[in-house]
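Down below is the structure, laid out as structure tokens.
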Amino acid sequence: MGDTKFSIFRDEHFIDLTIIQYGYEKCSPLHAFGPYVRNNYLFHYIISGKGKLRANDEKDNMQEFQLQGGSGFIIEPGYVNTYMADEQDPWTYMWVEFSGLRAKECIESAGISYKHPVYLPDTKEHGEELEQEIRQLVYGENTSSMEMIGRLYLLMDKLIRYSSTRKKRQEGKLREFYSKEAITYIANHYAENITVEELARHCQLERSYFGKIFKMVIGQSPQDFLAHYRMARAVDFLTTSDRQISDIAAMVGYPNALHFSRAFKQIYGISPREYRQIHRIVS
């Protein structure tokens, strides 16, 4: 791996997200770039070493940030910035400059901006995955324009999902989003043998964390919500149809009618047959 690599992306057919240029540099001590104003978004990921970023906010006040390996920083278009390698331990980084209709959305979703330009992965392992994603883009040899844009989308996905600042600044919205995603999945698949693990995978979350945020938003554990949802659908079938109870059990995700009856009684206090007799809607 050389000290510097620089490439320009020359395909202008992509609108939502597109690459301007990308590269790698092992900087010499005190190597600096700027002060400069970019026309596009520029993300650096620091592989090793240290450095600092000086960036102006919307009131032209200068902020200074100390950075090191395992972190990154964003430069937004239209703001003056300067970044410089440390004198004793100069940084090595990779970067990608990008633009497009969804560029701002991606950066905001990751919880970074000219106001908060420092990017920190939520875990060391995720930082390593993000670094590998950028490396594949920077060192992709003989790849098509379509593949390069695909790599950019994968990079943006990890940038957002692995951002610690995203979790801090958008925790409430994220909890609601994931809970709604899980409820939608339940509504579409309650008749199947779905599990909490499957719901967590669908939301791309670790199981215990998914269960925690779901209960915070909904007030029930995923298991309890799924059981109550299935029984609510069973009540609809019991009171408005002549279907056999065993058929209704299967329709709401209980292949075993005995297990269904026990679960139903735990929630409603009476058996499905008794419930039907009391609440049957006569057409």
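Residues in the structure tokens are named by chain (A, B, ... in the order shown) and by number from 1 within that chain; ligands are numbered from 1 in the order shown.
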
In region 15-47 of chain A, what's strand (DSSP E) per DSSP? Answer as a PDB file with all heavy atoms, in the first residue's frame?
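Now in states.pdb:
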ATOM      1  N   THR A  18     -23.888   9.965  -5.736  1.00  0.00           N
ATOM      2  CA  THR A  18     -22.811   9.715  -6.693  1.00  0.00           C
ATOM      3  C   THR A  18     -21.472  10.055  -6.063  1.00  0.00           C
ATOM      4  O   THR A  18     -21.385  10.835  -5.108  1.00  0.00           O
ATOM      5  CB  THR A  18     -23.016  10.522  -7.986  1.00  0.00           C
ATOM      6  OG1 THR A  18     -22.102  10.057  -8.981  1.00  0.00           O
ATOM      7  CG2 THR A  18     -22.792  12.013  -7.753  1.00  0.00           C
ATOM      8  N   ILE A  19     -20.425   9.464  -6.584  1.00  0.00           N
ATOM      9  CA  ILE A  19     -19.063   9.664  -6.083  1.00  0.00           C
ATOM     10  C   ILE A  19     -18.386  10.752  -6.911  1.00  0.00           C
ATOM     11  O   ILE A  19     -18.528  10.784  -8.135  1.00  0.00           O
ATOM     12  CB  ILE A  19     -18.259   8.358  -6.184  1.00  0.00           C
ATOM     13  CG1 ILE A  19     -18.968   7.230  -5.426  1.00  0.00           C
ATOM     14  CG2 ILE A  19     -16.849   8.551  -5.645  1.00  0.00           C
ATOM     15  CD1 ILE A  19     -18.406   5.849  -5.732  1.00  0.00           C
ATOM     16  N   ILE A  20     -17.651  11.621  -6.232  1.00  0.00           N
ATOM     17  CA  ILE A  20     -16.845  12.633  -6.921  1.00  0.00           C
ATOM     18  C   ILE A  20     -15.403  12.155  -7.022  1.00  0.00           C
ATOM     19  O   ILE A  20     -14.837  12.084  -8.108  1.00  0.00           O
ATOM     20  CB  ILE A  20     -16.913  13.989  -6.186  1.00  0.00           C
ATOM     21  CG1 ILE A  20     -18.368  14.413  -5.950  1.00  0.00           C
ATOM     22  CG2 ILE A  20     -16.149  15.046  -6.980  1.00  0.00           C
ATOM     23  CD1 ILE A  20     -19.197  14.569  -7.211  1.00  0.00           C
ATOM     24  N   GLN A  21     -14.822  11.827  -5.875  1.00  0.00           N
ATOM     25  CA  GLN A  21     -13.465  11.288  -5.847  1.00  0.00           C
ATOM     26  C   GLN A  21     -13.255  10.538  -4.541  1.00  0.00           C
ATOM     27  O   GLN A  21     -14.055  10.659  -3.609  1.00  0.00           O
ATOM     28  CB  GLN A  21     -12.422  12.403  -6.027  1.00  0.00           C
ATOM     29  CG  GLN A  21     -12.625  13.596  -5.121  1.00  0.00           C
ATOM     30  CD  GLN A  21     -11.720  13.606  -3.885  1.00  0.00           C
ATOM     31  OE1 GLN A  21     -11.103  12.606  -3.557  1.00  0.00           O
ATOM     32  NE2 GLN A  21     -11.668  14.728  -3.204  1.00  0.00           N
ATOM     33  N   TYR A  22     -12.190   9.778  -4.464  1.00  0.00           N
ATOM     34  CA  TYR A  22     -11.918   8.973  -3.276  1.00  0.00           C
ATOM     35  C   TYR A  22     -10.437   8.663  -3.226  1.00  0.00           C
ATOM     36  O   TYR A  22      -9.725   8.755  -4.238  1.00  0.00           O
ATOM     37  CB  TYR A  22     -12.739   7.680  -3.276  1.00  0.00           C
ATOM     38  CG  TYR A  22     -12.641   6.889  -4.564  1.00  0.00           C
ATOM     39  CD1 TYR A  22     -11.689   5.876  -4.716  1.00  0.00           C
ATOM     40  CD2 TYR A  22     -13.486   7.163  -5.629  1.00  0.00           C
ATOM     41  CE1 TYR A  22     -11.595   5.158  -5.900  1.00  0.00           C
ATOM     42  CE2 TYR A  22     -13.402   6.451  -6.817  1.00  0.00           C
ATOM     43  CZ  TYR A  22     -12.454   5.453  -6.940  1.00  0.00           C
ATOM     44  OH  TYR A  22     -12.362   4.754  -8.117  1.00  0.00           O
ATOM     45  N   GLY A  23      -9.948   8.299  -2.034  1.00  0.00           N
ATOM     46  CA  GLY A  23      -8.528   8.013  -1.945  1.00  0.00           C
ATOM     47  C   GLY A  23      -8.056   7.611  -0.568  1.00  0.00           C
ATOM     48  O   GLY A  23      -8.847   7.414   0.364  1.00  0.00           O
ATOM     49  N   TYR A  24      -6.737   7.497  -0.474  1.00  0.00           N
ATOM     50  CA  TYR A  24      -6.034   7.063   0.739  1.00  0.00           C
ATOM     51  C   TYR A  24      -4.786   7.923   0.871  1.00  0.00           C
ATOM     52  O   TYR A  24      -4.149   8.268  -0.127  1.00  0.00           O
ATOM     53  CB  TYR A  24      -5.652   5.590   0.606  1.00  0.00           C
ATOM     54  CG  TYR A  24      -4.548   5.123   1.544  1.00  0.00           C
ATOM     55  CD1 TYR A  24      -4.853   4.512   2.751  1.00  0.00           C
ATOM     56  CD2 TYR A  24      -3.198   5.280   1.210  1.00  0.00           C
ATOM     57  CE1 TYR A  24      -3.845   4.068   3.607  1.00  0.00           C
ATOM     58  CE2 TYR A  24      -2.188   4.850   2.057  1.00  0.00           C
ATOM     59  CZ  TYR A  24      -2.515   4.245   3.254  1.00  0.00           C
ATOM     60  OH  TYR A  24      -1.524   3.823   4.100  1.00  0.00           O
ATOM     61  N   GLU A  25      -4.426   8.273   2.102  1.00  0.00           N
ATOM     62  CA  GLU A  25      -3.180   9.018   2.291  1.00  0.00           C
ATOM     63  C   GLU A  25      -2.584   8.723   3.661  1.00  0.00           C
ATOM     64  O   GLU A  25      -3.282   8.758   4.675  1.00  0.00           O
ATOM     65  CB  GLU A  25      -3.401  10.522   2.147  1.00  0.00           C
ATOM     66  CG  GLU A  25      -2.099  11.312   2.191  1.00  0.00           C
ATOM     67  CD  GLU A  25      -2.237  12.734   1.693  1.00  0.00           C
ATOM     68  OE1 GLU A  25      -3.382  13.186   1.500  1.00  0.00           O
ATOM     69  OE2 GLU A  25      -1.200  13.387   1.497  1.00  0.00           O
ATOM     70  N   LYS A  26      -1.289   8.435   3.654  1.00  0.00           N
ATOM     71  CA  LYS A  26      -0.500   8.338   4.867  1.00  0.00           C
ATOM     72  C   LYS A  26       0.240   9.656   4.983  1.00  0.00           C
ATOM     73  O   LYS A  26       1.217   9.903   4.260  1.00  0.00           O
ATOM     74  CB  LYS A  26       0.472   7.161   4.788  1.00  0.00           C
ATOM     75  CG  LYS A  26       1.292   6.952   6.048  1.00  0.00           C
ATOM     76  CD  LYS A  26       2.183   5.718   5.922  1.00  0.00           C
ATOM     77  CE  LYS A  26       2.968   5.494   7.210  1.00  0.00           C
ATOM     78  NZ  LYS A  26       3.845   4.289   7.097  1.00  0.00           N
ATOM     79  N   ALA A  32      -1.240  19.534   6.069  1.00  0.00           N
ATOM     80  CA  ALA A  32      -2.530  20.205   6.238  1.00  0.00           C
ATOM     81  C   ALA A  32      -3.208  20.435   4.903  1.00  0.00           C
ATOM     82  O   ALA A  32      -2.548  20.521   3.855  1.00  0.00           O
ATOM     83  CB  ALA A  32      -2.337  21.537   6.962  1.00  0.00           C
ATOM     84  N   PHE A  33      -4.528  20.543   4.962  1.00  0.00           N
ATOM     85  CA  PHE A  33      -5.322  20.898   3.792  1.00  0.00           C
ATOM     86  C   PHE A  33      -6.298  21.989   4.208  1.00  0.00           C
ATOM     87  O   PHE A  33      -7.069  21.815   5.136  1.00  0.00           O
ATOM     88  CB  PHE A  33      -6.082  19.681   3.254  1.00  0.00           C
ATOM     89  CG  PHE A  33      -6.718  19.924   1.915  1.00  0.00           C
ATOM     90  CD1 PHE A  33      -6.041  19.619   0.747  1.00  0.00           C
ATOM     91  CD2 PHE A  33      -7.973  20.487   1.820  1.00  0.00           C
ATOM     92  CE1 PHE A  33      -6.616  19.861  -0.493  1.00  0.00           C
ATOM     93  CE2 PHE A  33      -8.562  20.733   0.595  1.00  0.00           C
ATOM     94  CZ  PHE A  33      -7.883  20.425  -0.571  1.00  0.00           C
ATOM     95  N   GLY A  34      -6.274  23.104   3.496  1.00  0.00           N
ATOM     96  CA  GLY A  34      -7.169  24.210   3.808  1.00  0.00           C
ATOM     97  C   GLY A  34      -6.394  25.421   4.305  1.00  0.00           C
ATOM     98  O   GLY A  34      -5.155  25.411   4.351  1.00  0.00           O
ATOM     99  N   PRO A  35      -7.124  26.481   4.683  1.00  0.00           N
ATOM    100  CA  PRO A  35      -8.598  26.578   4.723  1.00  0.00           C
ATOM    101  C   PRO A  35      -9.215  26.508   3.326  1.00  0.00           C
ATOM    102  O   PRO A  35      -8.669  27.053   2.370  1.00  0.00           O
ATOM    103  CB  PRO A  35      -8.851  27.932   5.382  1.00  0.00           C
ATOM    104  CG  PRO A  35      -7.586  28.700   5.181  1.00  0.00           C
ATOM    105  CD  PRO A  35      -6.476  27.721   5.111  1.00  0.00           C
ATOM    106  N   TYR A  36     -10.358  25.802   3.256  1.00  0.00           N
ATOM    107  CA  TYR A  36     -10.972  25.528   1.961  1.00  0.00           C
ATOM    108  C   TYR A  36     -12.474  25.336   2.137  1.00  0.00           C
ATOM    109  O   TYR A  36     -12.929  24.926   3.195  1.00  0.00           O
ATOM    110  CB  TYR A  36     -10.342  24.266   1.362  1.00  0.00           C
ATOM    111  CG  TYR A  36     -10.611  24.065  -0.104  1.00  0.00           C
ATOM    112  CD1 TYR A  36      -9.936  24.799  -1.069  1.00  0.00           C
ATOM    113  CD2 TYR A  36     -11.545  23.112  -0.533  1.00  0.00           C
ATOM    114  CE1 TYR A  36     -10.182  24.610  -2.420  1.00  0.00           C
ATOM    115  CE2 TYR A  36     -11.792  22.915  -1.879  1.00  0.00           C
ATOM    116  CZ  TYR A  36     -11.108  23.675  -2.813  1.00  0.00           C
ATOM    117  OH  TYR A  36     -11.349  23.493  -4.140  1.00  0.00           O
ATOM    118  N   VAL A  37     -13.222  25.646   1.089  1.00  0.00           N
ATOM    119  CA  VAL A  37     -14.666  25.421   1.083  1.00  0.00           C
ATOM    120  C   VAL A  37     -14.983  24.382   0.011  1.00  0.00           C
ATOM    121  O   VAL A  37     -14.646  24.579  -1.165  1.00  0.00           O
ATOM    122  CB  VAL A  37     -15.444  26.724   0.800  1.00  0.00           C
ATOM    123  CG1 VAL A  37     -16.944  26.441   0.748  1.00  0.00           C
ATOM    124  CG2 VAL A  37     -15.148  27.774   1.864  1.00  0.00           C
ATOM    125  N   TYR A  41     -20.001  16.854  -0.283  1.00  0.00           N
ATOM    126  CA  TYR A  41     -19.754  16.224   1.010  1.00  0.00           C
ATOM    127  C   TYR A  41     -18.460  15.421   0.932  1.00  0.00           C
ATOM    128  O   TYR A  41     -18.188  14.745  -0.070  1.00  0.00           O
ATOM    129  CB  TYR A  41     -20.911  15.314   1.401  1.00  0.00           C
ATOM    130  CG  TYR A  41     -22.172  16.073   1.731  1.00  0.00           C
ATOM    131  CD1 TYR A  41     -23.100  16.384   0.737  1.00  0.00           C
ATOM    132  CD2 TYR A  41     -22.439  16.492   3.027  1.00  0.00           C
ATOM    133  CE1 TYR A  41     -24.259  17.091   1.028  1.00  0.00           C
ATOM    134  CE2 TYR A  41     -23.591  17.199   3.332  1.00  0.00           C
ATOM    135  CZ  TYR A  41     -24.486  17.492   2.326  1.00  0.00           C
ATOM    136  OH  TYR A  41     -25.622  18.202   2.626  1.00  0.00           O
ATOM    137  N   LEU A  42     -17.672  15.490   2.001  1.00  0.00           N
ATOM    138  CA  LEU A  42     -16.397  14.785   2.038  1.00  0.00           C
ATOM    139  C   LEU A  42     -16.263  14.091   3.390  1.00  0.00           C
ATOM    140  O   LEU A  42     -16.265  14.742   4.432  1.00  0.00           O
ATOM    141  CB  LEU A  42     -15.245  15.772   1.839  1.00  0.00           C
ATOM    142  CG  LEU A  42     -13.828  15.205   1.872  1.00  0.00           C
ATOM    143  CD1 LEU A  42     -13.609  14.207   0.741  1.00  0.00           C
ATOM    144  CD2 LEU A  42     -12.803  16.341   1.781  1.00  0.00           C
ATOM    145  N   PHE A  43     -16.155  12.761   3.361  1.00  0.00           N
ATOM    146  CA  PHE A  43     -16.034  11.985   4.596  1.00  0.00           C
ATOM    147  C   PHE A  43     -14.656  11.345   4.653  1.00  0.00           C
ATOM    148  O   PHE A  43     -14.217  10.692   3.716  1.00  0.00           O
ATOM    149  CB  PHE A  43     -17.097  10.904   4.665  1.00  0.00           C
ATOM    150  CG  PHE A  43     -17.006  10.053   5.909  1.00  0.00           C
ATOM    151  CD1 PHE A  43     -17.393  10.569   7.142  1.00  0.00           C
ATOM    152  CD2 PHE A  43     -16.522   8.758   5.855  1.00  0.00           C
ATOM    153  CE1 PHE A  43     -17.299   9.803   8.301  1.00  0.00           C
ATOM    154  CE2 PHE A  43     -16.429   7.979   6.999  1.00  0.00           C
ATOM    155  CZ  PHE A  43     -16.817   8.504   8.231  1.00  0.00           C
ATOM    156  N   HIS A  44     -13.965  11.573   5.767  1.00  0.00           N
ATOM    157  CA  HIS A  44     -12.678  10.935   6.036  1.00  0.00           C
ATOM    158  C   HIS A  44     -12.851   9.907   7.142  1.00  0.00           C
ATOM    159  O   HIS A  44     -13.524  10.190   8.145  1.00  0.00           O
ATOM    160  CB  HIS A  44     -11.647  11.961   6.514  1.00  0.00           C
ATOM    161  CG  HIS A  44     -11.111  12.859   5.443  1.00  0.00           C
ATOM    162  ND1 HIS A  44     -11.871  13.854   4.864  1.00  0.00           N
ATOM    163  CD2 HIS A  44      -9.886  12.914   4.850  1.00  0.00           C
ATOM    164  CE1 HIS A  44     -11.130  14.498   3.970  1.00  0.00           C
ATOM    165  NE2 HIS A  44      -9.931  13.948   3.941  1.00  0.00           N
ATOM    166  N   TYR A  45     -12.233   8.752   6.986  1.00  0.00           N
ATOM    167  CA  TYR A  45     -12.169   7.776   8.072  1.00  0.00           C
ATOM    168  C   TYR A  45     -10.705   7.552   8.415  1.00  0.00           C
ATOM    169  O   TYR A  45      -9.881   7.216   7.549  1.00  0.00           O
ATOM    170  CB  TYR A  45     -12.828   6.450   7.705  1.00  0.00           C
ATOM    171  CG  TYR A  45     -12.985   5.564   8.922  1.00  0.00           C
ATOM    172  CD1 TYR A  45     -14.015   5.797   9.831  1.00  0.00           C
ATOM    173  CD2 TYR A  45     -12.085   4.540   9.186  1.00  0.00           C
ATOM    174  CE1 TYR A  45     -14.164   5.021  10.970  1.00  0.00           C
ATOM    175  CE2 TYR A  45     -12.224   3.752  10.324  1.00  0.00           C
ATOM    176  CZ  TYR A  45     -13.263   4.009  11.211  1.00  0.00           C
ATOM    177  OH  TYR A  45     -13.400   3.248  12.353  1.00  0.00           O
ATOM    178  N   ILE A  46     -10.360   7.737   9.687  1.00  0.00           N
ATOM    179  CA  ILE A  46      -8.972   7.698  10.132  1.00  0.00           C
ATOM    180  C   ILE A  46      -8.598   6.264  10.502  1.00  0.00           C
ATOM    181  O   ILE A  46      -9.216   5.659  11.385  1.00  0.00           O
ATOM    182  CB  ILE A  46      -8.768   8.632  11.334  1.00  0.00           C
ATOM    183  CG1 ILE A  46      -9.221  10.051  10.979  1.00  0.00           C
ATOM    184  CG2 ILE A  46      -7.307   8.637  11.769  1.00  0.00           C
ATOM    185  CD1 ILE A  46      -9.476  10.930  12.188  1.00  0.00           C
ATOM    186  N   ILE A  47      -7.617   5.738   9.834  1.00  0.00           N
ATOM    187  CA  ILE A  47      -7.171   4.360  10.079  1.00  0.00           C
ATOM    188  C   ILE A  47      -6.269   4.299  11.304  1.00  0.00           C
ATOM    189  O   ILE A  47      -6.393   3.405  12.145  1.00  0.00           O
ATOM    190  CB  ILE A  47      -6.430   3.818   8.842  1.00  0.00           C
ATOM    191  CG1 ILE A  47      -7.335   3.873   7.607  1.00  0.00           C
ATOM    192  CG2 ILE A  47      -5.924   2.398   9.093  1.00  0.00           C
ATOM    193  CD1 ILE A  47      -6.611   3.592   6.314  1.00  0.00           C
TER     194      ILE A  47
END

| query | For Lys158 (chain A), which residue out of A:Ile186, A:Glu176, A:Thr82, A:Gly127 is the nearest one, using only C-alpha atoms? | reply | A:Gly127

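Using only C-alpha atoms, the residues found no farther than 12 Å from Glu198 (chain A), other than those of its own chain fewer than 3 positions away, are Ala182, Tyr185, Ile186, His189, Tyr190, Glu192, Asn193, Ile194, Thr195, Arg201, His202, Cys203, Gln204, Leu205, Glu206, Arg207, Phe210, Gly211, Pro222 and Gln223 of chain A.
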
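Between CA of Ile8 (chain A) and CA of Val118 (chain A) the separation is 24.8 Å.
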
| message | Write out as a ChimeraX atom specification the set of residues from region 31-276 of chain A that DSSP, computed on the backbone, places in helix (DSSP H, G or I). | response | /A:103-109,124-138,145-161,164-189,196-202,207-218,222-240,245-251,257-268,272-276

Quick one: contact table of region 90-195 of chain A to region 4-7 of chain A, 12 Å max, nearest atom pair and distance in Å to one decimal per residue, counting only C-alpha atoms, chain and number order, as a tab-separated table?
residue	atom	partner	partner_atom	distance
A:Thr92	CA	A:Thr4	CA	9.6
A:Tyr93	CA	A:Thr4	CA	9.8
A:Met94	CA	A:Lys5	CA	9.0
A:Trp95	CA	A:Phe6	CA	9.4
A:Val96	CA	A:Ser7	CA	9.6
A:Glu97	CA	A:Ser7	CA	10.5
A:Arg135	CA	A:Lys5	CA	11.3
A:Leu137	CA	A:Ser7	CA	10.4
A:Val138	CA	A:Ser7	CA	7.9
A:Tyr139	CA	A:Lys5	CA	8.7
A:Gly140	CA	A:Ser7	CA	10.4
A:Glu141	CA	A:Ser7	CA	10.8
A:Met148	CA	A:Ser7	CA	11.9

| If you count only C-alpha atoms, which residues fall within 10 Å of Ile107 (chain A), apart from same-chain ones fewer than 6 positions away, as a PyMOL selection string? | chain A and resi 41+43+74+76+113+117+156+159-160+166

Taking all heavy atoms for each residue, export the selection above as a PDB file, in the first residue's frame.
ATOM      1  N   TYR A  41     -20.001  16.854  -0.283  1.00  0.00           N
ATOM      2  CA  TYR A  41     -19.754  16.224   1.010  1.00  0.00           C
ATOM      3  C   TYR A  41     -18.460  15.421   0.932  1.00  0.00           C
ATOM      4  O   TYR A  41     -18.188  14.745  -0.070  1.00  0.00           O
ATOM      5  CB  TYR A  41     -20.911  15.314   1.401  1.00  0.00           C
ATOM      6  CG  TYR A  41     -22.172  16.073   1.731  1.00  0.00           C
ATOM      7  CD1 TYR A  41     -23.100  16.384   0.737  1.00  0.00           C
ATOM      8  CD2 TYR A  41     -22.439  16.492   3.027  1.00  0.00           C
ATOM      9  CE1 TYR A  41     -24.259  17.091   1.028  1.00  0.00           C
ATOM     10  CE2 TYR A  41     -23.591  17.199   3.332  1.00  0.00           C
ATOM     11  CZ  TYR A  41     -24.486  17.492   2.326  1.00  0.00           C
ATOM     12  OH  TYR A  41     -25.622  18.202   2.626  1.00  0.00           O
ATOM     13  N   PHE A  43     -16.155  12.761   3.361  1.00  0.00           N
ATOM     14  CA  PHE A  43     -16.034  11.985   4.596  1.00  0.00           C
ATOM     15  C   PHE A  43     -14.656  11.345   4.653  1.00  0.00           C
ATOM     16  O   PHE A  43     -14.217  10.692   3.716  1.00  0.00           O
ATOM     17  CB  PHE A  43     -17.097  10.904   4.665  1.00  0.00           C
ATOM     18  CG  PHE A  43     -17.006  10.053   5.909  1.00  0.00           C
ATOM     19  CD1 PHE A  43     -17.393  10.569   7.142  1.00  0.00           C
ATOM     20  CD2 PHE A  43     -16.522   8.758   5.855  1.00  0.00           C
ATOM     21  CE1 PHE A  43     -17.299   9.803   8.301  1.00  0.00           C
ATOM     22  CE2 PHE A  43     -16.429   7.979   6.999  1.00  0.00           C
ATOM     23  CZ  PHE A  43     -16.817   8.504   8.231  1.00  0.00           C
ATOM     24  N   ILE A  74     -16.867  14.574   8.897  1.00  0.00           N
ATOM     25  CA  ILE A  74     -17.579  14.983   7.688  1.00  0.00           C
ATOM     26  C   ILE A  74     -17.309  16.459   7.412  1.00  0.00           C
ATOM     27  O   ILE A  74     -17.208  17.264   8.349  1.00  0.00           O
ATOM     28  CB  ILE A  74     -19.100  14.738   7.819  1.00  0.00           C
ATOM     29  CG1 ILE A  74     -19.803  14.965   6.483  1.00  0.00           C
ATOM     30  CG2 ILE A  74     -19.712  15.600   8.902  1.00  0.00           C
ATOM     31  CD1 ILE A  74     -19.493  13.961   5.421  1.00  0.00           C
ATOM     32  N   GLU A  76     -19.085  19.415   5.179  1.00  0.00           N
ATOM     33  CA  GLU A  76     -20.250  19.760   4.373  1.00  0.00           C
ATOM     34  C   GLU A  76     -19.902  20.853   3.380  1.00  0.00           C
ATOM     35  O   GLU A  76     -19.014  21.683   3.632  1.00  0.00           O
ATOM     36  CB  GLU A  76     -21.399  20.234   5.264  1.00  0.00           C
ATOM     37  CG  GLU A  76     -22.094  19.147   6.033  1.00  0.00           C
ATOM     38  CD  GLU A  76     -23.484  19.578   6.503  1.00  0.00           C
ATOM     39  OE1 GLU A  76     -24.335  19.886   5.645  1.00  0.00           O
ATOM     40  OE2 GLU A  76     -23.699  19.601   7.723  1.00  0.00           O
ATOM     41  N   SER A 113     -22.869  16.493  11.040  1.00  0.00           N
ATOM     42  CA  SER A 113     -23.114  17.694  10.244  1.00  0.00           C
ATOM     43  C   SER A 113     -21.959  18.652  10.465  1.00  0.00           C
ATOM     44  O   SER A 113     -21.017  18.343  11.202  1.00  0.00           O
ATOM     45  CB  SER A 113     -24.430  18.354  10.674  1.00  0.00           C
ATOM     46  OG  SER A 113     -24.313  18.863  11.996  1.00  0.00           O
ATOM     47  N   PRO A 117     -19.261  17.488  13.410  1.00  0.00           N
ATOM     48  CA  PRO A 117     -18.609  16.788  12.293  1.00  0.00           C
ATOM     49  C   PRO A 117     -17.907  15.485  12.648  1.00  0.00           C
ATOM     50  O   PRO A 117     -17.565  14.712  11.759  1.00  0.00           O
ATOM     51  CB  PRO A 117     -17.587  17.824  11.799  1.00  0.00           C
ATOM     52  CG  PRO A 117     -17.251  18.620  13.023  1.00  0.00           C
ATOM     53  CD  PRO A 117     -18.518  18.693  13.827  1.00  0.00           C
ATOM     54  N   MET A 156     -22.837   4.106   2.930  1.00  0.00           N
ATOM     55  CA  MET A 156     -23.794   4.985   3.601  1.00  0.00           C
ATOM     56  C   MET A 156     -24.645   4.206   4.608  1.00  0.00           C
ATOM     57  O   MET A 156     -24.957   4.700   5.687  1.00  0.00           O
ATOM     58  CB  MET A 156     -24.697   5.669   2.573  1.00  0.00           C
ATOM     59  CG  MET A 156     -24.016   6.710   1.705  1.00  0.00           C
ATOM     60  SD  MET A 156     -23.380   8.123   2.637  1.00  0.00           S
ATOM     61  CE  MET A 156     -21.607   7.814   2.512  1.00  0.00           C
ATOM     62  N   LEU A 159     -22.466   3.628   7.586  1.00  0.00           N
ATOM     63  CA  LEU A 159     -22.221   4.919   8.211  1.00  0.00           C
ATOM     64  C   LEU A 159     -23.386   5.303   9.122  1.00  0.00           C
ATOM     65  O   LEU A 159     -23.200   5.795  10.233  1.00  0.00           O
ATOM     66  CB  LEU A 159     -22.025   5.989   7.135  1.00  0.00           C
ATOM     67  CG  LEU A 159     -21.461   7.341   7.585  1.00  0.00           C
ATOM     68  CD1 LEU A 159     -19.979   7.214   7.896  1.00  0.00           C
ATOM     69  CD2 LEU A 159     -21.678   8.390   6.508  1.00  0.00           C
ATOM     70  N   ILE A 160     -24.592   5.055   8.650  1.00  0.00           N
ATOM     71  CA  ILE A 160     -25.792   5.388   9.425  1.00  0.00           C
ATOM     72  C   ILE A 160     -26.008   4.398  10.557  1.00  0.00           C
ATOM     73  O   ILE A 160     -26.162   4.775  11.719  1.00  0.00           O
ATOM     74  CB  ILE A 160     -27.021   5.425   8.499  1.00  0.00           C
ATOM     75  CG1 ILE A 160     -26.902   6.577   7.491  1.00  0.00           C
ATOM     76  CG2 ILE A 160     -28.308   5.579   9.311  1.00  0.00           C
ATOM     77  CD1 ILE A 160     -27.907   6.512   6.361  1.00  0.00           C
ATOM     78  N   ARG A 166     -25.759   8.924  15.954  1.00  0.00           N
ATOM     79  CA  ARG A 166     -27.129   8.674  15.491  1.00  0.00           C
ATOM     80  C   ARG A 166     -27.973   8.165  16.653  1.00  0.00           C
ATOM     81  O   ARG A 166     -29.094   8.583  16.864  1.00  0.00           O
ATOM     82  CB  ARG A 166     -27.107   7.645  14.379  1.00  0.00           C
ATOM     83  CG  ARG A 166     -28.484   7.155  13.947  1.00  0.00           C
ATOM     84  CD  ARG A 166     -28.302   5.953  13.030  1.00  0.00           C
ATOM     85  NE  ARG A 166     -29.539   5.534  12.431  1.00  0.00           N
ATOM     86  CZ  ARG A 166     -30.031   4.310  12.485  1.00  0.00           C
ATOM     87  NH1 ARG A 166     -29.383   3.394  13.179  1.00  0.00           N
ATOM     88  NH2 ARG A 166     -31.149   3.992  11.872  1.00  0.00           N
TER      89      ARG A 166
END

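Using only C-alpha atoms, the smallest distance between any of A:Gly100, A:Pro90, A:Gly51, A:Gly69 and Asn39 (chain A) comes from A:Gly100.
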
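Neighbouring residues of Leu53 (chain A) at 8 Å or closer, counting only C-alpha atoms and skipping chain neighbours under 6 positions away, are Glu64, Phe65, Gln66, Leu67, Asn81, Thr82, Tyr83 and Met84 of chain A.
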
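Put simply, CA of Asp122 (chain A) is 18.2 Å away from CA of Ala200 (chain A).
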
| field | region 251-268 of chain A surroundings by only C-alpha atoms, 10 Å radius, close-in-sequence under 3 positions cut, as a PyMOL selection string | value | chain A and resi 189-194+224+227-235+237+245-248+271-275

Residue neighbourhood Pro29 (chain A), 6 Å, only C-alpha atoms, exclusion window fewer than 4 positions, as an mmCIF file with all heavy atoms, in the first residue's frame:
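Okay, this is what ended up in part.cif:
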data_model
loop_
_atom_site.group_PDB
_atom_site.id
_atom_site.type_symbol
_atom_site.label_atom_id
_atom_site.label_comp_id
_atom_site.auth_asym_id
_atom_site.auth_seq_id
_atom_site.Cartn_x
_atom_site.Cartn_y
_atom_site.Cartn_z
ATOM 1 N N ALA A 85 -2.505 16.958 10.116
ATOM 2 C CA ALA A 85 -1.957 15.782 10.785
ATOM 3 C C ALA A 85 -1.152 16.183 12.012
ATOM 4 O O ALA A 85 -0.569 17.268 12.072
ATOM 5 C CB ALA A 85 -1.074 14.996 9.814
ATOM 6 N N ASP A 86 -1.146 15.311 13.005
ATOM 7 C CA ASP A 86 -0.383 15.528 14.227
ATOM 8 C C ASP A 86 1.118 15.523 13.911
ATOM 9 O O ASP A 86 1.577 14.844 12.986
ATOM 10 C CB ASP A 86 -0.714 14.424 15.230
ATOM 11 C CG ASP A 86 -0.060 14.648 16.575
ATOM 12 O OD1 ASP A 86 -0.518 15.534 17.303
ATOM 13 O OD2 ASP A 86 0.913 13.932 16.874
ATOM 14 N N GLU A 87 1.891 16.279 14.701
ATOM 15 C CA GLU A 87 3.332 16.362 14.465
ATOM 16 C C GLU A 87 4.049 15.083 14.879
ATOM 17 O O GLU A 87 4.965 14.613 14.194
ATOM 18 C CB GLU A 87 3.912 17.545 15.233
ATOM 19 C CG GLU A 87 5.402 17.754 14.993
ATOM 20 C CD GLU A 87 5.947 19.002 15.651
ATOM 21 O OE1 GLU A 87 5.217 19.605 16.477
ATOM 22 O OE2 GLU A 87 7.094 19.381 15.353
ATOM 23 N N PRO A 90 1.288 11.401 12.988
ATOM 24 C CA PRO A 90 0.411 11.858 11.897
ATOM 25 C C PRO A 90 -0.557 10.771 11.444
ATOM 26 O O PRO A 90 -0.227 9.588 11.425
ATOM 27 C CB PRO A 90 1.398 12.224 10.783
ATOM 28 C CG PRO A 90 2.619 11.431 11.080
ATOM 29 C CD PRO A 90 2.694 11.340 12.575
#
